[in-house]
Amino acid sequence: MIRIAVSDKTEPVGRLWEAKARAQDVDCRVLLECGTDFDDLGGIRSDVWDELDTEGDLDTVGEVRIAVGPGPKPQGLALLLAGMEWALWAACPVRLVELRQAMRNSVAALDDTIVDVDRDAVLNHVAGDAELAEVAASALEYLDVSTAAALLDRGSPRLRPLADRVRRLSLVPARGAQPARAGAGSGTDRDWLESAGLFDHGHAPLLLLRARLRLVEMLAASDPWGCAVRAAVLCEGTLGKHGERGWYTLCDPKKPQHIPAATRLAGYRNASPAAHGKEKAVRVGATPVPPSAKDLRDCLRGLRAGLSRHVTVNGTGLPDTWDTVLIDELEQLKKEIRAFIVSS
């Protein structure tokens, strides 16, 4: 979302930006008209806060970006102060963004605007590196990869490289995603894959399915319902629901590709409180009992074996070559994060 502060002279430009942004389905509006003198600084600061406050729910934003251009300095300074106050209240970072004209059109209002976002131009930090690393390490214990990566991303340049490595552990295979982009949501950046001996980037989500299931298996004792649900969703998301090797096909006892462990896992998922288990508990008056860690591990072991028989890449069943690559990466990351905490 974008909110714009204008002066009486720049209001037409602000309205133009507002219209252009809304045409692209961007939540954008002129927030208020304000002065441009240093005597106006305090008023601008409080007015911006009041206007933002009236919108509601903006305390949940993940980041505040303050875009400043070559305009009047008092206005830019007031916006900077108001933005930093709001970010502190919302407990999120605030980043300085520079606006400059492309100088392609003699009419300023019609010229293109270039937005420069400097990753290092963070004006505040919600917590120090050690605190961020500590919470990220805790998130990794539960395989909460997105939270761990977001926390590390908010640290200093010393901490941020670990965020890209954490994203490699992603349990969400992005079908059709570009695997060459480091830190992609599919967790398959090219350099890392090749360092592990995996050169078939196009089939990386499939080839890493066994490894991701091994990673999820680590939750069998601490979070059995979460383990079952995440494993089933992972298979369905990677294989698709239907088709010769779709998840529903593998779960169907009538199909020749049937994997008994897949049917068991689907049953665990459906019995969980996150699926139908809660409704069933209300009907029968009994609390769903999660599978034991041993049963879950046996189920996932059987599932991996079945996947290697019935799911192929280039005519060959899924190999066990990379089964431990994500677990090894996780343990190495934990070790490095712990060392970072100690050193800080």
# chains A, B, ... in the order shown; residues from 1 in each chain; ligands from 1
call {"tool": "residues_around", "arguments": {"residues": "segment 206-217 of chain A", "least_positions_apart": "2", "cutoff": "8 Å", "atoms": "only C-alpha atoms", "output": "PyMOL selection string"}}
result
chain A and resi 143+169+171+203-204+219-220+227+230-231+234-235+238-239+296-297+300+304+313+318-320+322-327
call {"tool": "write_last_selection", "arguments": {"atoms": "N, CA and C atoms", "output": "compact mmCIF listing (two decimals), in the first residue's frame"}}
result
# COMPACT_ATOMS: atom_id res chain seq x y z
N LEU A 143 10.73 -26.22 12.13
CA LEU A 143 10.74 -26.12 10.67
C LEU A 143 9.87 -24.99 10.16
N LEU A 169 15.55 -24.72 2.66
CA LEU A 169 14.83 -25.76 3.38
C LEU A 169 13.33 -25.71 3.12
N LEU A 171 9.62 -26.09 2.42
CA LEU A 171 8.82 -27.28 2.20
C LEU A 171 7.75 -27.05 1.15
N HIS A 203 13.72 -30.60 -12.62
CA HIS A 203 13.04 -31.62 -11.83
C HIS A 203 13.42 -31.56 -10.35
N ALA A 204 14.05 -30.46 -9.94
CA ALA A 204 14.52 -30.37 -8.55
C ALA A 204 13.41 -30.60 -7.51
N LEU A 219 9.83 -33.92 12.80
CA LEU A 219 8.78 -33.44 13.69
C LEU A 219 7.92 -34.58 14.26
N ALA A 220 8.24 -35.82 13.91
CA ALA A 220 7.38 -36.95 14.28
C ALA A 220 7.13 -37.03 15.78
N CYS A 227 3.52 -32.97 11.55
CA CYS A 227 4.34 -33.82 10.69
C CYS A 227 3.47 -34.49 9.62
N ARG A 230 1.87 -31.77 7.15
CA ARG A 230 2.85 -31.16 6.25
C ARG A 230 3.37 -32.15 5.23
N ALA A 231 3.55 -33.40 5.63
CA ALA A 231 4.03 -34.41 4.69
C ALA A 231 3.00 -34.67 3.60
N LEU A 234 2.77 -31.62 1.33
CA LEU A 234 3.98 -31.57 0.52
C LEU A 234 3.87 -32.50 -0.68
N CYS A 235 3.41 -33.73 -0.44
CA CYS A 235 3.27 -34.68 -1.55
C CYS A 235 2.22 -34.21 -2.55
N THR A 238 3.58 -31.28 -4.59
CA THR A 238 4.66 -31.64 -5.52
C THR A 238 4.16 -32.50 -6.67
N LEU A 239 3.31 -33.48 -6.34
CA LEU A 239 2.86 -34.45 -7.34
C LEU A 239 1.59 -34.02 -8.06
N LEU A 296 4.56 -42.89 12.61
CA LEU A 296 4.80 -41.86 11.60
C LEU A 296 6.08 -42.12 10.83
N ARG A 297 7.13 -42.46 11.56
CA ARG A 297 8.41 -42.73 10.89
C ARG A 297 8.31 -43.93 9.97
N LEU A 300 6.35 -42.83 6.84
CA LEU A 300 7.12 -41.99 5.91
C LEU A 300 8.24 -42.79 5.24
N ARG A 304 8.41 -43.13 1.18
CA ARG A 304 9.59 -42.82 0.35
C ARG A 304 9.93 -44.00 -0.56
N VAL A 313 11.62 -39.94 -12.83
CA VAL A 313 12.17 -38.77 -13.51
C VAL A 313 13.09 -39.29 -14.59
N LEU A 318 12.52 -42.23 -8.22
CA LEU A 318 13.18 -41.22 -7.39
C LEU A 318 14.32 -41.85 -6.61
N PRO A 319 15.53 -41.34 -6.78
CA PRO A 319 16.68 -41.93 -6.08
C PRO A 319 16.77 -41.45 -4.63
N ASP A 320 17.55 -42.16 -3.82
CA ASP A 320 17.77 -41.74 -2.44
C ASP A 320 19.05 -40.92 -2.30
N TRP A 322 19.79 -37.82 -2.53
CA TRP A 322 19.78 -36.54 -1.81
C TRP A 322 18.94 -36.61 -0.53
N ASP A 323 18.71 -37.81 -0.02
CA ASP A 323 17.82 -37.97 1.13
C ASP A 323 18.23 -37.13 2.33
N THR A 324 19.51 -36.96 2.56
CA THR A 324 19.97 -36.27 3.78
C THR A 324 20.44 -34.84 3.51
N VAL A 325 20.33 -34.36 2.28
CA VAL A 325 20.94 -33.07 1.95
C VAL A 325 20.29 -31.92 2.72
N LEU A 326 18.98 -31.97 2.91
CA LEU A 326 18.31 -30.88 3.63
C LEU A 326 18.53 -30.99 5.14
N ILE A 327 18.55 -32.21 5.66
CA ILE A 327 18.84 -32.38 7.09
C ILE A 327 20.24 -31.90 7.40
call {"tool": "residues_around", "arguments": {"residues": "Leu159 of chain A", "least_positions_apart": "4", "cutoff": "9 Å", "atoms": "only C-alpha atoms", "output": "MDAnalysis selection string"}}
result
chainID A and resid 129 132:133 152:155 163 337 340
call {"tool": "select_by_dssp", "arguments": {"residues": "segment 203-344 of chain A", "states": "strand (DSSP E or B)", "output": "count of residues only"}}
result
4
call {"tool": "residues_around", "arguments": {"residues": "Ala148 of chain A", "least_positions_apart": "4", "cutoff": "8 Å", "atoms": "only C-alpha atoms", "output": "ChimeraX atom specification"}}
result
/A:135-137,139-140,144,152,163,166
call {"tool": "write_last_selection", "arguments": {"atoms": "C-alpha atoms", "output": "mmCIF file, in the first residue's frame"}}
result
data_model
loop_
_atom_site.group_PDB
_atom_site.id
_atom_site.type_symbol
_atom_site.label_atom_id
_atom_site.label_comp_id
_atom_site.auth_asym_id
_atom_site.auth_seq_id
_atom_site.Cartn_x
_atom_site.Cartn_y
_atom_site.Cartn_z
ATOM 1 C CA VAL A 135 14.360 -16.512 17.693
ATOM 2 C CA ALA A 136 15.237 -17.765 14.183
ATOM 3 C CA ALA A 137 16.996 -20.782 15.707
ATOM 4 C CA ALA A 139 11.700 -21.273 14.600
ATOM 5 C CA LEU A 140 13.956 -23.765 12.812
ATOM 6 C CA ASP A 144 9.080 -22.709 10.491
ATOM 7 C CA LEU A 152 17.377 -13.278 9.635
ATOM 8 C CA ALA A 163 18.301 -16.117 5.366
ATOM 9 C CA VAL A 166 17.343 -21.062 5.297
#
call {"tool": "residues_around", "arguments": {"residues": "Ala228 of chain A", "least_positions_apart": "2", "cutoff": "7 Å", "atoms": "only C-alpha atoms", "output": "VMD selection string"}}
result
chain A and resid 224 to 226 230 to 232 265 268 to 269
call {"tool": "closest_residue", "arguments": {"among": "A:Leu330, A:Cys251, A:Val233, A:Ile259", "to": "Leu307 of chain A", "atoms": "only C-alpha atoms"}}
result
A:Ile259
call {"tool": "select_by_dssp", "arguments": {"residues": "segment 213-264 of chain A", "states": "helix (DSSP H, G or I)", "output": "VMD selection string"}}
result
chain A and resid 213 to 217 224 to 239 247 to 251 260 to 264
call {"tool": "write_last_selection", "arguments": {"atoms": "C-alpha atoms", "output": "PDB file, in the first residue's frame"}}
result
ATOM      1  CA  LEU A 213       9.923 -35.848   3.619  1.00  0.00           C
ATOM      2  CA  ARG A 214      13.015 -36.760   5.638  1.00  0.00           C
ATOM      3  CA  LEU A 215      13.098 -33.190   6.916  1.00  0.00           C
ATOM      4  CA  VAL A 216       9.423 -33.276   7.929  1.00  0.00           C
ATOM      5  CA  GLU A 217      10.026 -36.595   9.692  1.00  0.00           C
ATOM      6  CA  PRO A 224       2.978 -35.544  15.129  1.00  0.00           C
ATOM      7  CA  TRP A 225      -0.118 -33.846  13.702  1.00  0.00           C
ATOM      8  CA  GLY A 226       2.010 -31.160  12.063  1.00  0.00           C
ATOM      9  CA  CYS A 227       4.338 -33.823  10.687  1.00  0.00           C
ATOM     10  CA  ALA A 228       1.477 -35.767   9.117  1.00  0.00           C
ATOM     11  CA  VAL A 229      -0.295 -32.746   7.671  1.00  0.00           C
ATOM     12  CA  ARG A 230       2.847 -31.157   6.250  1.00  0.00           C
ATOM     13  CA  ALA A 231       4.027 -34.413   4.689  1.00  0.00           C
ATOM     14  CA  ALA A 232       0.662 -35.012   2.993  1.00  0.00           C
ATOM     15  CA  VAL A 233       0.388 -31.400   1.765  1.00  0.00           C
ATOM     16  CA  LEU A 234       3.977 -31.567   0.519  1.00  0.00           C
ATOM     17  CA  CYS A 235       3.273 -34.676  -1.548  1.00  0.00           C
ATOM     18  CA  GLU A 236       0.024 -33.280  -2.928  1.00  0.00           C
ATOM     19  CA  GLY A 237       1.693 -29.976  -3.828  1.00  0.00           C
ATOM     20  CA  THR A 238       4.661 -31.635  -5.520  1.00  0.00           C
ATOM     21  CA  LEU A 239       2.860 -34.450  -7.341  1.00  0.00           C
ATOM     22  CA  TRP A 247      -1.341 -37.939  -4.848  1.00  0.00           C
ATOM     23  CA  TYR A 248      -4.954 -39.161  -5.024  1.00  0.00           C
ATOM     24  CA  THR A 249      -3.866 -41.924  -7.402  1.00  0.00           C
ATOM     25  CA  LEU A 250      -1.122 -43.089  -5.061  1.00  0.00           C
ATOM     26  CA  CYS A 251      -3.616 -43.125  -2.166  1.00  0.00           C
ATOM     27  CA  PRO A 260      -0.251 -48.229   1.235  1.00  0.00           C
ATOM     28  CA  ALA A 261       1.819 -45.756   3.242  1.00  0.00           C
ATOM     29  CA  ALA A 262       0.260 -42.901   1.233  1.00  0.00           C
ATOM     30  CA  THR A 263      -3.218 -44.058   2.272  1.00  0.00           C
ATOM     31  CA  ARG A 264      -2.087 -44.236   5.914  1.00  0.00           C
TER      32      ARG A 264
END
